[in-house]
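A.B. asks: Structure in structure tokens, see below.
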Amino acid sequence: MRVLVVEDEAPLAEAIARGLRREGMAVDVAFTGDEGHEKAAITRYDVVLLDRDLPGMSGDDLCKEIVTSGELTRVLMLTASGAVSDRVEGLSLGADDYLGKPFAFPELVARVRALGRRATPATPPVLTAADVELDPSRRTVRRAGELVELTRKEFGVLEVLLSAGGAVVSSEDLLERVWDENADPFTTTVRVTVMTLRKKLGEPGIIDTVVGSGYRVPGAGSSMGSGSLAE
């Protein structure tokens with residue numbers, strides 16, 4: 001999931017970003033409304049965490065811009081005021097959700113994940129290919145019922161490939177969906193991550209390389225889950 005945090009209080013913005021990255025999300029940060037507008041114009045984010053009181057372009061105006069852009073990006077308004085009137089006003093601008101400061105971080109994560117599910121086409125509870133099962137909600141991957149330990153980036157790459165339902169996903173798309181803006185577009189990090197992911201998943205391999213195009217997982221589908229995924 002790709003997230004943009006637009007918050008002028010730098011310590012808070014960085015703390016939110018660090019926490020969301022630990023949850024496996026790719027997170028960019030902007031400290032002004034103008035910077036947030038620029039980033040949102042060139043990158044398709046799943047969720048934007050948006051402070052209403054920003055220097056430059058206001059959070060309200062940026063929210064309107066995002067909503068009228070036609071993208072599926074979801075907006076979570078953050079504000080120091082928890083008054084009902086402010087909440088209603090924020091939602092009337094087109095925001096999808098509203099959270100007053102201070103907030104409990106687990107609640108923020110839950111709300112971001114919920115909005116992220118609405119920002120993309122509906123995905124099934126469990127993604128599968130052959131005997132590989134990935135559970136996005138539990139953040140687990142199993143092969144033939146055995147738990148496979150993956151890094152956050154490996155998990156993200158596998159989730160994107162399985163979600164594509166057998167379609168080819170380019171390295172550029174993987175870089176955009178799984179990494180943040182600090183990733184070097186000319187790096188070999190995607191290729192290296194796919195290589196280590198293949199090793200961890202074992203044989204027979206399920207990830208095909210499509211020369212000149214990217215990667216795909218033939219036969220990727222879905223299921224409603226099973227007892228084998230229980231913790």
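In the structure tokens, the first chain shown is A, the next is B, and so on; residue numbers restart at 1 for each chain, and ligands run from 1 in the order shown.
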Env of A:Glu65: 12 Å cut, atoms = only C-alpha atoms, seq-sep filter 6 positions within chain, self excluded. Answer as a PDB file with N, CA and C atoms, in the first residue's frame.
C.D. replies:
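Wrote it out as part.pdb, contents follow:
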```pdb
ATOM      1  N   GLY A  33       1.141  22.013   2.228  1.00  0.00           N
ATOM      2  CA  GLY A  33       0.083  21.655   1.298  1.00  0.00           C
ATOM      3  C   GLY A  33       0.564  21.653  -0.144  1.00  0.00           C
ATOM      4  N   ASP A  34       1.426  22.600  -0.482  1.00  0.00           N
ATOM      5  CA  ASP A  34       1.945  22.666  -1.855  1.00  0.00           C
ATOM      6  C   ASP A  34       2.784  21.435  -2.184  1.00  0.00           C
ATOM      7  N   GLY A  36       2.532  18.517  -0.742  1.00  0.00           N
ATOM      8  CA  GLY A  36       1.612  17.396  -0.820  1.00  0.00           C
ATOM      9  C   GLY A  36       0.891  17.354  -2.146  1.00  0.00           C
ATOM     10  N   HIS A  37       0.484  18.518  -2.639  1.00  0.00           N
ATOM     11  CA  HIS A  37      -0.197  18.604  -3.930  1.00  0.00           C
ATOM     12  C   HIS A  37       0.703  18.118  -5.055  1.00  0.00           C
ATOM     13  N   GLU A  38       1.972  18.517  -5.003  1.00  0.00           N
ATOM     14  CA  GLU A  38       2.929  18.120  -6.035  1.00  0.00           C
ATOM     15  C   GLU A  38       3.134  16.601  -6.035  1.00  0.00           C
ATOM     16  N   ALA A  40       1.081  14.278  -4.809  1.00  0.00           N
ATOM     17  CA  ALA A  40      -0.155  13.584  -5.173  1.00  0.00           C
ATOM     18  C   ALA A  40      -0.432  13.679  -6.667  1.00  0.00           C
ATOM     19  N   ALA A  41       0.118  14.711  -7.319  1.00  0.00           N
ATOM     20  CA  ALA A  41      -0.115  14.894  -8.749  1.00  0.00           C
ATOM     21  C   ALA A  41       0.713  13.938  -9.597  1.00  0.00           C
ATOM     22  N   MET A  57      -0.889  25.675   0.443  1.00  0.00           N
ATOM     23  CA  MET A  57      -2.236  25.182   0.143  1.00  0.00           C
ATOM     24  C   MET A  57      -2.834  24.536   1.384  1.00  0.00           C
ATOM     25  N   SER A  58      -4.062  24.901   1.716  1.00  0.00           N
ATOM     26  CA  SER A  58      -4.682  24.352   2.915  1.00  0.00           C
ATOM     27  C   SER A  58      -5.036  22.885   2.715  1.00  0.00           C
ATOM     28  N   GLY A  59      -5.201  22.188   3.831  1.00  0.00           N
ATOM     29  CA  GLY A  59      -5.615  20.794   3.754  1.00  0.00           C
ATOM     30  C   GLY A  59      -6.973  20.642   3.102  1.00  0.00           C
ATOM     31  N   GLU A  71      -9.059  10.035  -9.197  1.00  0.00           N
ATOM     32  CA  GLU A  71      -8.315   8.869  -8.729  1.00  0.00           C
ATOM     33  C   GLU A  71      -9.086   8.174  -7.606  1.00  0.00           C
ATOM     34  N   THR A  73      -7.774   7.419  -4.839  1.00  0.00           N
ATOM     35  CA  THR A  73      -7.098   7.760  -3.592  1.00  0.00           C
ATOM     36  C   THR A  73      -8.103   8.110  -2.498  1.00  0.00           C
ATOM     37  N   VAL A  75      -8.857   9.695   1.373  1.00  0.00           N
ATOM     38  CA  VAL A  75      -8.309  10.763   2.217  1.00  0.00           C
ATOM     39  C   VAL A  75      -8.747  10.573   3.662  1.00  0.00           C
ATOM     40  N   LEU A  93     -16.127  17.904   2.581  1.00  0.00           N
ATOM     41  CA  LEU A  93     -15.153  18.278   1.559  1.00  0.00           C
ATOM     42  C   LEU A  93     -14.784  17.101   0.667  1.00  0.00           C
ATOM     43  N   GLY A  94     -15.199  15.909   1.073  1.00  0.00           N
ATOM     44  CA  GLY A  94     -14.895  14.716   0.289  1.00  0.00           C
ATOM     45  C   GLY A  94     -13.966  13.753   0.974  1.00  0.00           C
ATOM     46  N   ALA A  95     -13.511  14.094   2.185  1.00  0.00           N
ATOM     47  CA  ALA A  95     -12.646  13.166   2.925  1.00  0.00           C
ATOM     48  C   ALA A  95     -13.409  11.877   3.211  1.00  0.00           C
TER      49      ALA A  95
END
```
A.B. asks: Neighbours of A:Val169 within 9 Å (only C-alpha atoms; same-chain residues fewer than 4 positions away dropped), as a list in words?
C.D. replies: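 Using only C-alpha atoms, the neighbours found are Val160, Leu161, Ala164, Asp173, Leu174, Ser213, Gly214, Tyr215 and Arg216 of chain A.
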A.B. asks: If you count only C-alpha atoms, which residues fall within 12 Å of A:Ala183, apart from same-chain ones fewer than 6 positions away, as a PDB file with C-alpha atoms, in the first residue's frame?
C.D. replies:
```pdb
ATOM      1  CA  ALA A  26       5.395   2.442   1.444  1.00  0.00           C
ATOM      2  CA  VAL A  27       5.180   5.965   2.879  1.00  0.00           C
ATOM      3  CA  ASP A  28       6.087   9.410   1.526  1.00  0.00           C
ATOM      4  CA  GLU A 172       8.487  -0.027 -12.424  1.00  0.00           C
ATOM      5  CA  LEU A 174       6.444  -2.996  -8.337  1.00  0.00           C
ATOM      6  CA  LEU A 175       8.849  -0.217  -7.377  1.00  0.00           C
ATOM      7  CA  GLU A 176       5.983   2.276  -7.217  1.00  0.00           C
ATOM      8  CA  ARG A 177       3.590   0.051  -5.259  1.00  0.00           C
ATOM      9  CA  THR A 189      16.374  -3.832  -5.802  1.00  0.00           C
ATOM     10  CA  VAL A 190      13.247  -5.258  -7.462  1.00  0.00           C
TER      11      VAL A 190
END
```
A.B. asks: Considering only alpha helix (DSSP H) as DSSP defines it on the backbone, what residues of stretch 124-183 of chain A qualify? List them as a PyMOL selection string.
C.D. replies: chain A and resi 152-163+171-178
A.B. asks: I need the residue nearest A:Pro136 from this list: A:Asn182, A:Ser171, A:Ser163, A:Thr32. Use only C-alpha atoms for the distance.
C.D. replies: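 Distance minimum relative to A:Pro136 lands on A:Ser163.
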